[in-house]
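Novice: Input file: run-v9.tsv. Contents: TSV, C-alpha atoms.
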chain	number	residue	atom	x	y	z
A	7	MET	CA	107.28	115.60	52.81
A	8	ARG	CA	105.33	118.85	53.10
A	9	SER	CA	107.22	121.86	54.43
A	10	GLY	CA	105.13	121.96	57.65
A	11	ASP	CA	105.41	118.21	58.24
A	12	ASN	CA	108.09	117.51	60.84
A	13	ARG	CA	107.96	113.72	60.99
A	14	GLY	CA	111.56	112.57	60.97
A	15	GLY	CA	112.86	116.00	59.94
A	16	ALA	CA	114.73	118.76	61.74
A	17	LEU	CA	112.89	120.92	64.22
A	18	PRO	CA	111.86	124.39	63.08
A	19	ALA	CA	114.19	127.13	64.34
A	20	GLU	CA	111.90	128.21	67.22
A	21	GLN	CA	111.37	124.68	68.58
A	22	PRO	CA	114.82	123.80	70.05
A	23	GLU	CA	114.39	126.41	72.80
A	24	ARG	CA	110.91	125.06	73.57
A	25	LEU	CA	112.16	121.47	73.56
A	26	SER	CA	114.95	122.40	75.95
A	27	HIS	CA	112.37	123.87	78.34
A	28	LEU	CA	110.25	120.72	78.07
A	29	GLN	CA	113.31	118.57	78.72
A	30	GLN	CA	114.07	120.59	81.86
A	31	ASP	CA	110.47	120.19	83.03
A	32	ALA	CA	110.66	116.45	82.39
A	33	LEU	CA	113.95	116.19	84.29
A	34	GLY	CA	112.43	118.02	87.25
A	35	PHE	CA	109.32	115.86	87.14
A	36	PHE	CA	111.30	112.62	87.06
A	37	TYR	CA	113.62	113.86	89.81
A	38	ARG	CA	110.62	114.61	92.08
A	39	TRP	CA	108.86	111.38	91.12
A	40	GLY	CA	112.06	109.35	91.62
A	41	GLY	CA	112.45	110.86	95.08
A	42	ALA	CA	108.84	109.97	95.89
A	43	LEU	CA	109.38	106.43	94.56
A	44	SER	CA	112.52	105.99	96.64
A	45	SER	CA	110.82	107.26	99.79
A	46	THR	CA	107.74	105.11	99.15
A	47	LEU	CA	109.77	101.94	98.55
A	48	THR	CA	111.78	102.62	101.71
A	49	HIS	CA	108.55	102.93	103.71
A	50	ILE	CA	107.06	99.79	102.15
A	51	ARG	CA	110.33	97.88	102.60
A	52	SER	CA	110.24	98.58	106.35
A	53	ARG	CA	106.65	97.31	106.51
A	54	PHE	CA	107.75	93.98	104.98
A	55	GLN	CA	110.84	93.37	107.18
A	56	GLY	CA	113.21	94.88	104.62
A	57	ASP	CA	112.15	92.47	101.88
A	58	LEU	CA	110.68	94.05	98.74
A	59	ASP	CA	110.18	90.58	97.23
A	60	GLN	CA	107.60	89.94	99.97
A	61	TYR	CA	105.85	93.12	98.90
A	62	LEU	CA	105.99	92.06	95.26
A	63	ILE	CA	104.37	88.74	96.16
A	64	TYR	CA	101.74	90.52	98.24
A	65	LEU	CA	101.14	92.90	95.34
A	66	VAL	CA	100.39	89.95	93.02
A	67	PHE	CA	97.70	88.79	95.45
A	68	LEU	CA	96.24	92.28	95.79
A	69	LEU	CA	96.14	92.86	92.03
A	70	ASP	CA	94.54	89.45	91.50
A	71	ASP	CA	91.92	90.32	94.12
A	72	LEU	CA	91.24	93.71	92.48
A	73	SER	CA	90.95	91.99	89.09
A	74	GLN	CA	88.42	89.51	90.50
A	75	GLU	CA	86.38	92.34	91.99
A	76	LEU	CA	86.37	94.29	88.72
A	77	ARG	CA	85.16	91.21	86.84
A	78	ALA	CA	82.47	90.60	89.45
A	79	ARG	CA	81.25	94.19	89.21
A	80	ALA	CA	81.18	94.01	85.41
A	81	SER	CA	79.21	90.75	85.43
A	82	GLY	CA	76.94	91.73	88.31
A	83	ARG	CA	77.76	88.46	90.10
A	84	ASP	CA	79.87	87.82	93.16
A	85	ALA	CA	83.02	85.86	92.50
A	86	PRO	CA	84.70	83.79	95.19
A	87	PRO	CA	88.29	84.77	95.97
A	88	ARG	CA	90.85	82.99	93.87
A	89	GLY	CA	93.81	81.39	95.59
A	90	LEU	CA	97.35	81.14	94.29
A	91	ASN	CA	100.11	78.64	94.89
A	92	ALA	CA	103.90	78.96	95.12
A	93	LEU	CA	104.45	77.87	91.52
A	94	SER	CA	102.04	80.53	90.19
A	95	ILE	CA	103.73	83.20	92.30
A	96	ALA	CA	107.18	82.07	91.16
A	97	GLU	CA	106.13	82.27	87.51
A	98	VAL	CA	104.53	85.70	87.80
A	99	THR	CA	107.30	87.30	89.87
A	100	GLU	CA	110.26	85.38	88.41
A	101	ILE	CA	111.32	84.54	91.97
A	102	PRO	CA	112.60	80.96	92.27
A	103	ARG	CA	109.81	78.62	93.44
A	104	GLU	CA	111.50	77.57	96.67
A	105	THR	CA	112.25	81.21	97.54
A	106	ALA	CA	108.65	82.16	96.73
A	107	ARG	CA	107.44	79.29	98.94
A	108	ARG	CA	109.57	80.52	101.88
A	109	LYS	CA	108.36	84.08	101.42
A	110	LEU	CA	104.74	82.89	101.24
A	111	GLN	CA	105.28	81.18	104.61
A	112	ILE	CA	106.57	84.44	106.09
A	113	LEU	CA	103.59	86.37	104.68
A	114	LEU	CA	101.30	83.70	106.12
A	115	ALA	CA	102.91	83.94	109.57
A	116	GLU	CA	102.62	87.74	109.46
A	117	ARG	CA	98.90	87.47	108.49
A	118	TYR	CA	99.37	89.23	105.14
A	119	LEU	CA	98.08	85.99	103.60
A	120	GLU	CA	95.87	83.11	104.68
A	121	ARG	CA	95.95	79.49	103.59
A	122	GLY	CA	92.72	77.84	102.53
A	123	ASP	CA	91.62	74.24	103.02
A	124	ASP	CA	92.51	73.76	99.35
A	125	GLY	CA	96.18	74.51	100.14
A	126	LEU	CA	96.12	77.78	98.18
A	127	TYR	CA	97.07	81.20	99.55
A	128	TYR	CA	94.63	84.10	99.81
A	129	LEU	CA	94.84	87.70	100.95
A	130	GLY	CA	94.88	88.01	104.72
A	131	GLY	CA	93.60	90.77	106.91
A	132	ARG	CA	96.77	92.52	108.04
A	133	TYR	CA	97.19	95.02	105.22
A	134	SER	CA	94.03	96.54	103.80
A	135	ARG	CA	93.49	98.00	100.35
A	136	ASN	CA	93.14	101.42	101.94
A	137	GLN	CA	96.57	101.07	103.56
A	138	PHE	CA	98.04	99.82	100.29
A	139	PHE	CA	96.73	102.86	98.38
A	140	PHE	CA	97.78	105.19	101.20
A	141	ASP	CA	101.34	103.83	101.06
A	142	LEU	CA	101.48	104.46	97.30
A	143	SER	CA	99.75	107.86	97.42
A	144	PRO	CA	103.02	109.88	97.50
A	145	LEU	CA	103.72	108.59	93.99
A	146	PHE	CA	100.52	110.22	92.81
A	147	LEU	CA	100.32	113.27	95.07
A	148	ASP	CA	103.72	114.57	96.12
A	149	GLY	CA	105.70	113.32	93.13
A	150	LEU	CA	103.32	114.61	90.48
A	151	THR	CA	101.66	117.73	91.78
A	152	GLY	CA	103.70	118.91	94.74
A	153	ALA	CA	100.47	118.66	96.76
A	154	ALA	CA	100.44	118.49	100.53
A	155	SER	CA	102.04	115.38	101.92
A	156	ALA	CA	99.84	112.30	102.04
A	157	GLU	CA	101.33	111.56	105.45
A	158	THR	CA	99.07	114.20	106.96
A	159	VAL	CA	95.95	112.10	106.37
A	160	GLU	CA	96.37	108.59	107.75
A	161	PRO	CA	93.63	106.15	106.68
A	162	GLU	CA	91.33	104.60	109.22
A	163	PRO	CA	92.80	101.36	110.58
A	164	GLU	CA	91.30	98.29	108.94
A	165	PHE	CA	91.89	94.64	109.33
A	166	ALA	CA	90.14	93.48	106.18
A	167	ASP	CA	88.33	94.91	103.21
A	168	GLY	CA	84.68	94.09	103.14
Please rewrite the model in this file as structure tokens.

Specialist:
Amino acid sequence: MRSGDNRGGALPAEQPERLSHLQQDALGFFYRWGGALSSTLTHIRSRFQGDLDQYLIYLVFLLDDLSQELRARASGRDAPPRGLNALSIAEVTEIPRETARRKLQILLAERYLERGDDGLYYLGGRYSRNQFFFDLSPLFLDGLTGAASAETVEPEPEFADG
């Protein structure tokens, strides 16, 4: 190993002080981000009747929808929405199938999801993408940069993304 090469070796004498400062910065960052995460999850939990598993299921549908849109944009062709069933949701989320099925029924009743003629579930109109990103914005704004609170700029109400 060359004398200037520090892979796997001890830190040079001046680096421990610098590392300690970086560790303190990282601790502060993760403390602020953890606080933002906790606050965000509390807010989201209240939106989904205290059930974060419902949010997780909804998140799977939203991410699938975003994935479909990205593929459609890349190909230059519209893609029809893709539905999911209880078994698919159970496999992705590791929630037991019967529990996933019950939670899907709740999300359906609350209009977070819709059920197609094919028996599959699709995103509903109750919770728009803009609202989803707004709810998560404290994780990117407050927790990372200490910027002004995202709560000061509420998104326009929407019933469905178009």

Novice: Which one is closest to Asn136 of chain A: A:Ser73, A:Leu68, A:Leu113, A:Gly56? Count all atoms listed in the file.

Specialist: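 Going through A:Ser73, A:Leu68, A:Leu113, A:Gly56 one by one, the smallest distance to Asn136 of chain A is for A:Leu68.
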
Novice: Any idea what's packed within 12 Å of Asp71 of chain A, counting all atoms listed in the file, ignoring anything in its chain fewer than 5 positions away? Could you give it as a compact mmCIF listing (two decimals) with C-alpha atoms, in the coordinates of the input?

Specialist:
# COMPACT_ATOMS: atom_id res chain seq x y z
CA TYR A 64 101.74 90.52 98.24
CA LEU A 65 101.14 92.90 95.34
CA VAL A 66 100.39 89.95 93.02
CA LEU A 76 86.37 94.29 88.72
CA ARG A 77 85.16 91.21 86.84
CA ALA A 78 82.47 90.60 89.45
CA ALA A 85 83.02 85.86 92.50
CA PRO A 86 84.70 83.79 95.19
CA PRO A 87 88.29 84.77 95.97
CA ARG A 88 90.85 82.99 93.87
CA GLY A 89 93.81 81.39 95.59
CA LEU A 90 97.35 81.14 94.29
CA TYR A 127 97.07 81.20 99.55
CA TYR A 128 94.63 84.10 99.81
CA LEU A 129 94.84 87.70 100.95
CA GLY A 130 94.88 88.01 104.72
CA SER A 134 94.03 96.54 103.80
CA ARG A 135 93.49 98.00 100.35
CA ASP A 167 88.33 94.91 103.21

Novice: Can you measure atom CA of Pro144 of chain A to atom CA of Ala96 of chain A for me? One decimal in Å is fine.

Specialist: 28.8 Å

Novice: To one decimal place, how far is atom CA of Leu145 of chain A from atom CA of Thr99 of chain A in Å?

Specialist: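 About the pair atom CA of Leu145 of chain A and atom CA of Thr99 of chain A: they are 22.0 Å apart.
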
Novice: Restricting the calculation to only C-alpha atoms: of A:Arg117, A:Ser45, A:Arg38, A:Gln74, which residue gets closest to Arg132 of chain A?

Specialist: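 Looking at the shortest contact to Arg132 of chain A, the residue is A:Arg117.
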
Novice: Just checking: using only C-alpha atoms, which residue out of A:Gln137, A:Thr105, A:Gln29, A:Thr46 ends up closest to Ile63 of chain A?

Specialist: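 Among A:Gln137, A:Thr105, A:Gln29, A:Thr46, it is A:Thr105 that comes nearest to Ile63 of chain A.
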
Novice: Ranking A:Arg108, A:Leu114, A:Arg79, A:Tyr61 by minimum distance to Thr48 of chain A and counting all atoms listed in the file, which one comes first?

Specialist: A:Tyr61

Novice: Quick one: distance from atom CA of Ile112 of chain A to atom CA of Asp59 of chain A in Å, one decimal?

Specialist: 11.4 Å

Novice: Once you add 6 Å to each side, what are the centre and edge lengths of the axis-aligned box holding all listed atoms of segment 76-86 of chain A? One decimal in Å, as JSON, if you can.

Specialist:
{"center_x": 81.7, "center_y": 89.0, "center_z": 90.3, "size_x": 21.4, "size_y": 22.5, "size_z": 21.8}
